Amino acid sequence: MLLQQVHIENFSELKDIRIENATFTAIEAHLEPQAGEEVIDLAGKLVIPPFVDPHVHLDSTMTAGDPEWNESGTLFDGIRIWSERKKTLTHADVKQRAIAALRLQASNGLQFVRSHVDVTDPDLTALKALIEVREEVKDWMTLQLVAFPQEGILSFPHGKELMIEVAELGVDAIGAIPHFEFTREYSVESLHFAFEVAQKYNLLIDAHTDEIDDPASRGLETMATLALESGLKEKVTASHTTAMGSYNDAYVYKLMRLLKMSDINFVANPLINMYLGGRFDTYPKRRGLTRVKELDANGINVAFGEDDIKDPWYPMGNGNMLDSLHMGLHATQIMGYSEILNSYRFITHNGAKVMHVTDQYGIEVGKPANLLVFNAPDFYTTLNERDEMLYSIHNGHILVSTKPAKKYLHF
Ligand code: FE2
């Protein structure tokens, strides 16, 4: 396959891209078509690597309103409603909803997804179903699973035993939820335990960390210290860290040194953080996000996730990373022209780093032929105008194609 005349990642000069045997084999200013080669003339369109969602919950997806809508909009009512819905989970129910959500995500250019899966369920119904889903979708979606103890490790009966059981069942990463544990002591112990399990089973770590507007919630410093001292470093991800948006500046100044030393990744979930954050404030009302701009400026890897697609924690969601990005840029005021132009990295390269898949990710000769083509010359225009994704190409095959709709103005 030969893709002709594209702007790769906003680069002003046009290039041709050759794909053979599912791999990028040449990227040059001009390549002659070979006999029998499929040629797509893209005349000045934008090409970027596929979208990555490093944080979504596929076990709860598509359950909004069942058994009740989260009318208060708080994280804690979300957890309460989910614990009711969890009682009616079946293997087939989880698989059907997860695959529907993944198809929706793929239709919007996602090719890499990391799903947290609630494992505070003695039957592990959702996890067993999603392990099957991970295998069934592998030809069109790289899916990672995180063992997520929604109701705590120390604060849930037999929580530690469950985490060991799921590590043996075959998850990709170990999670934690330090801010939800009953006490500060449980919070710290749960993180030590998660690191021990990750090291023993050679797994990544991705913990829901300080997802609360409480400046006293300081699981992050424990995470970063353990990442540094264990050597796991960039294999560790702190998701949410919304309390950091409420920390005082003197503490953050001290913390930032540790965060840089630790090499950990961050995932912010702008749609959900804005929806759930500041719920207990009157006014001034806090934004629900972590300090994305400051972390990024300090060279720390931050990616954006979707978190929830129509579930007890978020009534909306359409599987489109451009929505997360659009919200994230506004909420964190990352809106200089060049910042917007290059913001695709929050939902591409930075997410690939979180998922630890950079060796198979990116538009470079020798790497798997995965890319997206947009109906615009650059990413600023793509995001602002929401121009169509013309193609999602995965391992050299067209996974998704779009025929732009035509609009008629009758005035
Ligand atoms: Fe989450």
# chains A, B, ... in the order shown; residues from 1 in each chain; ligands from 1
>>> closest_atom_pairs(of="chain A", to="ligand 1", cutoff="7 Å", atoms="only C-alpha atoms and all ligand atoms", output="JSON lines")
{"residue": "A:His55", "atom": "CA", "partner": "ligand 1", "partner_atom_place_in_ligand_line": "1 (Fe)", "distance": 6.4}
{"residue": "A:Val56", "atom": "CA", "partner": "ligand 1", "partner_atom_place_in_ligand_line": "1 (Fe)", "distance": 6.2}
{"residue": "A:His57", "atom": "CA", "partner": "ligand 1", "partner_atom_place_in_ligand_line": "1 (Fe)", "distance": 6.4}
{"residue": "A:His116", "atom": "CA", "partner": "ligand 1", "partner_atom_place_in_ligand_line": "1 (Fe)", "distance": 6.9}
{"residue": "A:His208", "atom": "CA", "partner": "ligand 1", "partner_atom_place_in_ligand_line": "1 (Fe)", "distance": 6.4}
{"residue": "A:Asp307", "atom": "CA", "partner": "ligand 1", "partner_atom_place_in_ligand_line": "1 (Fe)", "distance": 4.9}
>>> residues_around(residues="segment 396-399 of chain A", least_positions_apart="3", cutoff="8 Å", atoms="only C-alpha atoms", output="list in words")
Met1, Ile19, Glu20, Asn21, Ala22, Thr23, Trp140, Pro368, Ala369, Asn370, Tyr391, Ser392 and Ile393 of chain A
>>> closest_residue(among="A:Gly73, A:Pro215, A:Gly362, A:Pro54", to="Asp311 of chain A", atoms="only C-alpha atoms")
A:Gly73
>>> residues_around(residues="Ala29 of chain A", least_positions_apart="3", cutoff="9 Å", atoms="only C-alpha atoms", output="MDAnalysis selection string")
chainID A and resid 5 13:17
>>> write_last_selection(atoms="N, CA and C atoms", output="PDB file, in the first residue's frame")
ATOM      1  N   GLN A   5       1.557  11.766  -0.300  1.00  0.00           N
ATOM      2  CA  GLN A   5       1.499  13.201  -0.013  1.00  0.00           C
ATOM      3  C   GLN A   5       0.697  13.546   1.251  1.00  0.00           C
ATOM      4  N   GLU A  13       6.400  19.581   5.285  1.00  0.00           N
ATOM      5  CA  GLU A  13       6.698  18.928   3.999  1.00  0.00           C
ATOM      6  C   GLU A  13       5.849  17.674   3.831  1.00  0.00           C
ATOM      7  N   LEU A  14       5.442  17.441   2.578  1.00  0.00           N
ATOM      8  CA  LEU A  14       4.614  16.260   2.292  1.00  0.00           C
ATOM      9  C   LEU A  14       5.486  15.028   2.084  1.00  0.00           C
ATOM     10  N   LYS A  15       4.976  13.885   2.507  1.00  0.00           N
ATOM     11  CA  LYS A  15       5.725  12.620   2.361  1.00  0.00           C
ATOM     12  C   LYS A  15       4.818  11.538   1.799  1.00  0.00           C
ATOM     13  N   ASP A  16       5.450  10.542   1.204  1.00  0.00           N
ATOM     14  CA  ASP A  16       4.759   9.310   0.824  1.00  0.00           C
ATOM     15  C   ASP A  16       5.124   8.234   1.843  1.00  0.00           C
ATOM     16  N   ILE A  17       4.166   7.358   2.120  1.00  0.00           N
ATOM     17  CA  ILE A  17       4.411   6.270   3.086  1.00  0.00           C
ATOM     18  C   ILE A  17       4.125   4.934   2.404  1.00  0.00           C
TER      19      ILE A  17
END
>>> select_by_dssp(residues="segment 74-254 of chain A", states="strand (DSSP E)", output="number ranges by chain")
A: 110-118, 142-148, 173-174, 204-209, 236-240
>>> closest_residue(among="A:Phe24, A:Phe374, A:Phe346, A:Phe76", to="Phe180 of chain A", atoms="only C-alpha atoms")
A:Phe76
>>> residues_around(residues="segment 79-89 of chain A", least_positions_apart="2", cutoff="9 Å", atoms="only C-alpha atoms", output="PDB file with N, CA and C atoms, in the first residue's frame")
ATOM      1  N   SER A  60     -17.868  -1.662  33.376  1.00  0.00           N
ATOM      2  CA  SER A  60     -19.072  -0.904  33.732  1.00  0.00           C
ATOM      3  C   SER A  60     -19.668  -0.156  32.545  1.00  0.00           C
ATOM      4  N   THR A  63     -23.717   0.938  31.143  1.00  0.00           N
ATOM      5  CA  THR A  63     -24.703   0.565  32.174  1.00  0.00           C
ATOM      6  C   THR A  63     -25.395   1.791  32.775  1.00  0.00           C
ATOM      7  N   ASP A  66     -28.799   1.947  34.992  1.00  0.00           N
ATOM      8  CA  ASP A  66     -29.164   0.584  35.402  1.00  0.00           C
ATOM      9  C   ASP A  66     -28.359   0.190  36.639  1.00  0.00           C
ATOM     10  N   PRO A  67     -28.902   0.048  37.831  1.00  0.00           N
ATOM     11  CA  PRO A  67     -30.336   0.070  38.135  1.00  0.00           C
ATOM     12  C   PRO A  67     -30.903   1.472  38.354  1.00  0.00           C
ATOM     13  N   GLU A  68     -30.036   2.493  38.455  1.00  0.00           N
ATOM     14  CA  GLU A  68     -30.566   3.848  38.612  1.00  0.00           C
ATOM     15  C   GLU A  68     -29.544   4.834  38.054  1.00  0.00           C
ATOM     16  N   TRP A  69     -29.997   6.011  37.652  1.00  0.00           N
ATOM     17  CA  TRP A  69     -29.082   7.056  37.210  1.00  0.00           C
ATOM     18  C   TRP A  69     -28.393   7.682  38.414  1.00  0.00           C
ATOM     19  N   ASN A  70     -27.145   8.084  38.234  1.00  0.00           N
ATOM     20  CA  ASN A  70     -26.412   8.778  39.296  1.00  0.00           C
ATOM     21  C   ASN A  70     -26.822  10.242  39.265  1.00  0.00           C
ATOM     22  N   THR A  74     -21.902  12.322  42.136  1.00  0.00           N
ATOM     23  CA  THR A  74     -20.676  12.183  42.924  1.00  0.00           C
ATOM     24  C   THR A  74     -20.025  10.820  42.655  1.00  0.00           C
ATOM     25  N   LEU A  75     -18.700  10.791  42.852  1.00  0.00           N
ATOM     26  CA  LEU A  75     -17.935   9.553  42.712  1.00  0.00           C
ATOM     27  C   LEU A  75     -18.512   8.487  43.652  1.00  0.00           C
ATOM     28  N   PHE A  76     -18.893   8.928  44.865  1.00  0.00           N
ATOM     29  CA  PHE A  76     -19.297   7.946  45.865  1.00  0.00           C
ATOM     30  C   PHE A  76     -20.672   7.345  45.547  1.00  0.00           C
ATOM     31  N   ASP A  77     -21.574   8.140  44.975  1.00  0.00           N
ATOM     32  CA  ASP A  77     -22.846   7.565  44.527  1.00  0.00           C
ATOM     33  C   ASP A  77     -22.592   6.639  43.340  1.00  0.00           C
ATOM     34  N   HIS A  91     -21.207 -13.169  32.629  1.00  0.00           N
ATOM     35  CA  HIS A  91     -20.091 -13.276  31.689  1.00  0.00           C
ATOM     36  C   HIS A  91     -20.493 -12.690  30.325  1.00  0.00           C
ATOM     37  N   ALA A  92     -21.652 -13.114  29.824  1.00  0.00           N
ATOM     38  CA  ALA A  92     -22.099 -12.672  28.491  1.00  0.00           C
ATOM     39  C   ALA A  92     -22.406 -11.180  28.481  1.00  0.00           C
ATOM     40  N   ASP A  93     -22.994 -10.689  29.562  1.00  0.00           N
ATOM     41  CA  ASP A  93     -23.337  -9.266  29.694  1.00  0.00           C
ATOM     42  C   ASP A  93     -22.071  -8.405  29.600  1.00  0.00           C
ATOM     43  N   VAL A  94     -21.022  -8.788  30.328  1.00  0.00           N
ATOM     44  CA  VAL A  94     -19.776  -8.011  30.314  1.00  0.00           C
ATOM     45  C   VAL A  94     -19.151  -8.047  28.922  1.00  0.00           C
ATOM     46  N   ASP A 121     -14.738  -8.536  43.605  1.00  0.00           N
ATOM     47  CA  ASP A 121     -15.859  -9.444  43.334  1.00  0.00           C
ATOM     48  C   ASP A 121     -15.295 -10.855  43.480  1.00  0.00           C
ATOM     49  N   THR A 125     -16.249 -12.168  37.908  1.00  0.00           N
ATOM     50  CA  THR A 125     -17.032 -12.332  36.673  1.00  0.00           C
ATOM     51  C   THR A 125     -16.519 -11.412  35.564  1.00  0.00           C
ATOM     52  N   ALA A 126     -16.336 -10.135  35.875  1.00  0.00           N
ATOM     53  CA  ALA A 126     -15.935  -9.175  34.840  1.00  0.00           C
ATOM     54  C   ALA A 126     -14.535  -9.480  34.321  1.00  0.00           C
ATOM     55  N   GLN A 150     -11.849  -1.678  43.213  1.00  0.00           N
ATOM     56  CA  GLN A 150     -12.764  -0.535  43.368  1.00  0.00           C
ATOM     57  C   GLN A 150     -13.118  -0.238  44.832  1.00  0.00           C
ATOM     58  N   GLU A 151     -13.286  -1.283  45.634  1.00  0.00           N
ATOM     59  CA  GLU A 151     -13.701  -1.062  47.024  1.00  0.00           C
ATOM     60  C   GLU A 151     -12.536  -1.237  48.007  1.00  0.00           C
ATOM     61  N   ASP A 311     -21.723   5.150  32.122  1.00  0.00           N
ATOM     62  CA  ASP A 311     -21.793   4.258  33.284  1.00  0.00           C
ATOM     63  C   ASP A 311     -22.156   5.061  34.533  1.00  0.00           C
ATOM     64  N   PRO A 312     -22.141   4.450  35.748  1.00  0.00           N
ATOM     65  CA  PRO A 312     -22.611   5.200  36.925  1.00  0.00           C
ATOM     66  C   PRO A 312     -21.769   6.431  37.270  1.00  0.00           C
ATOM     67  N   TRP A 313     -20.554   6.534  36.681  1.00  0.00           N
ATOM     68  CA  TRP A 313     -19.693   7.672  37.001  1.00  0.00           C
ATOM     69  C   TRP A 313     -19.766   8.772  35.964  1.00  0.00           C
TER      70      TRP A 313
END
>>> residues_around(residues="Gly231 of chain A", least_positions_apart="6", cutoff="12 Å", atoms="only C-alpha atoms", output="list in words")
Phe195, Ala198, Gln199, Leu204, Met223, Ala224, Thr225, Met261, Ser262, Asp263 and Ile264 of chain A
>>> residues_around(residues="Tyr186 of chain A", least_positions_apart="2", cutoff="12 Å", atoms="only C-alpha atoms", output="list in words")
Gly152, Ile153, Leu154, Ser155, Phe156, Gly159, Lys160, Ala176, Ile177, Pro178, His179, Phe180, Glu181, Phe182, Thr183, Arg184, Val188, Glu189, Ser190, Leu191, His192, Phe193, Ala194 and Gly219 of chain A
>>> write_last_selection(atoms="N, CA, C and O atoms", output="compact mmCIF listing (two decimals), in the first residue's frame")
# COMPACT_ATOMS: atom_id res chain seq x y z
N GLY A 152 -11.32 -1.18 47.47
CA GLY A 152 -10.14 -1.21 48.32
C GLY A 152 -9.47 -2.57 48.39
O GLY A 152 -10.08 -3.59 48.06
N ILE A 153 -8.20 -2.57 48.77
CA ILE A 153 -7.47 -3.83 48.97
C ILE A 153 -7.54 -4.22 50.44
O ILE A 153 -7.93 -5.34 50.78
N LEU A 154 -7.22 -3.27 51.31
CA LEU A 154 -7.26 -3.55 52.76
C LEU A 154 -8.67 -3.39 53.30
O LEU A 154 -9.02 -3.98 54.33
N SER A 155 -9.50 -2.59 52.63
CA SER A 155 -10.84 -2.26 53.15
C SER A 155 -11.93 -3.16 52.59
O SER A 155 -13.11 -2.93 52.83
N PHE A 156 -11.56 -4.17 51.81
CA PHE A 156 -12.53 -5.11 51.23
C PHE A 156 -12.17 -6.52 51.71
O PHE A 156 -10.98 -6.88 51.74
N GLY A 159 -9.34 -8.80 50.27
CA GLY A 159 -8.86 -8.00 49.14
C GLY A 159 -7.48 -8.41 48.66
O GLY A 159 -7.21 -8.48 47.46
N LYS A 160 -6.58 -8.70 49.61
CA LYS A 160 -5.21 -9.09 49.21
C LYS A 160 -5.23 -10.42 48.45
O LYS A 160 -4.54 -10.56 47.43
N ALA A 176 -4.68 -0.01 42.38
CA ALA A 176 -4.93 0.27 43.80
C ALA A 176 -5.85 1.48 43.85
O ALA A 176 -6.13 2.10 42.82
N ILE A 177 -6.35 1.77 45.04
CA ILE A 177 -7.25 2.93 45.20
C ILE A 177 -7.01 3.53 46.58
O ILE A 177 -7.86 3.51 47.47
N PRO A 178 -5.78 4.07 46.79
CA PRO A 178 -5.38 4.50 48.14
C PRO A 178 -6.32 5.50 48.80
O PRO A 178 -6.54 5.43 50.01
N HIS A 179 -6.93 6.40 48.03
CA HIS A 179 -7.79 7.43 48.63
C HIS A 179 -9.12 6.87 49.12
O HIS A 179 -9.84 7.55 49.83
N PHE A 180 -9.46 5.65 48.71
CA PHE A 180 -10.75 5.06 49.12
C PHE A 180 -10.58 4.12 50.30
O PHE A 180 -11.56 3.72 50.93
N GLU A 181 -9.32 3.75 50.61
CA GLU A 181 -9.11 2.86 51.76
C GLU A 181 -9.58 3.57 53.04
O GLU A 181 -9.59 4.80 53.12
N PHE A 182 -9.96 2.79 54.05
CA PHE A 182 -10.55 3.36 55.27
C PHE A 182 -9.63 4.38 55.95
O PHE A 182 -10.08 5.39 56.46
N THR A 183 -8.34 4.10 55.99
CA THR A 183 -7.41 4.95 56.74
C THR A 183 -6.16 5.25 55.92
O THR A 183 -5.87 4.59 54.93
N ARG A 184 -5.41 6.24 56.40
CA ARG A 184 -4.12 6.58 55.81
C ARG A 184 -3.18 5.35 55.88
O ARG A 184 -2.44 5.06 54.94
N VAL A 188 -1.40 3.50 52.62
CA VAL A 188 0.03 3.27 52.41
C VAL A 188 0.31 1.77 52.25
O VAL A 188 1.04 1.35 51.33
N GLU A 189 -0.31 0.97 53.11
CA GLU A 189 -0.06 -0.48 53.05
C GLU A 189 -0.56 -1.07 51.72
O GLU A 189 0.08 -1.96 51.15
N SER A 190 -1.68 -0.55 51.22
CA SER A 190 -2.22 -1.08 49.96
C SER A 190 -1.25 -0.84 48.81
O SER A 190 -1.10 -1.68 47.92
N LEU A 191 -0.56 0.30 48.84
CA LEU A 191 0.40 0.59 47.77
C LEU A 191 1.64 -0.29 47.88
O LEU A 191 2.14 -0.81 46.88
N HIS A 192 2.12 -0.47 49.11
CA HIS A 192 3.26 -1.39 49.29
C HIS A 192 2.90 -2.78 48.78
O HIS A 192 3.69 -3.43 48.10
N PHE A 193 1.68 -3.20 49.09
CA PHE A 193 1.23 -4.54 48.66
C PHE A 193 1.15 -4.62 47.14
O PHE A 193 1.60 -5.59 46.53
N ALA A 194 0.58 -3.58 46.50
CA ALA A 194 0.45 -3.58 45.04
C ALA A 194 1.83 -3.68 44.37
O ALA A 194 2.01 -4.41 43.39
N GLY A 219 -1.51 9.85 48.45
CA GLY A 219 -1.04 8.56 47.96
C GLY A 219 0.06 8.72 46.93
O GLY A 219 0.94 7.86 46.80
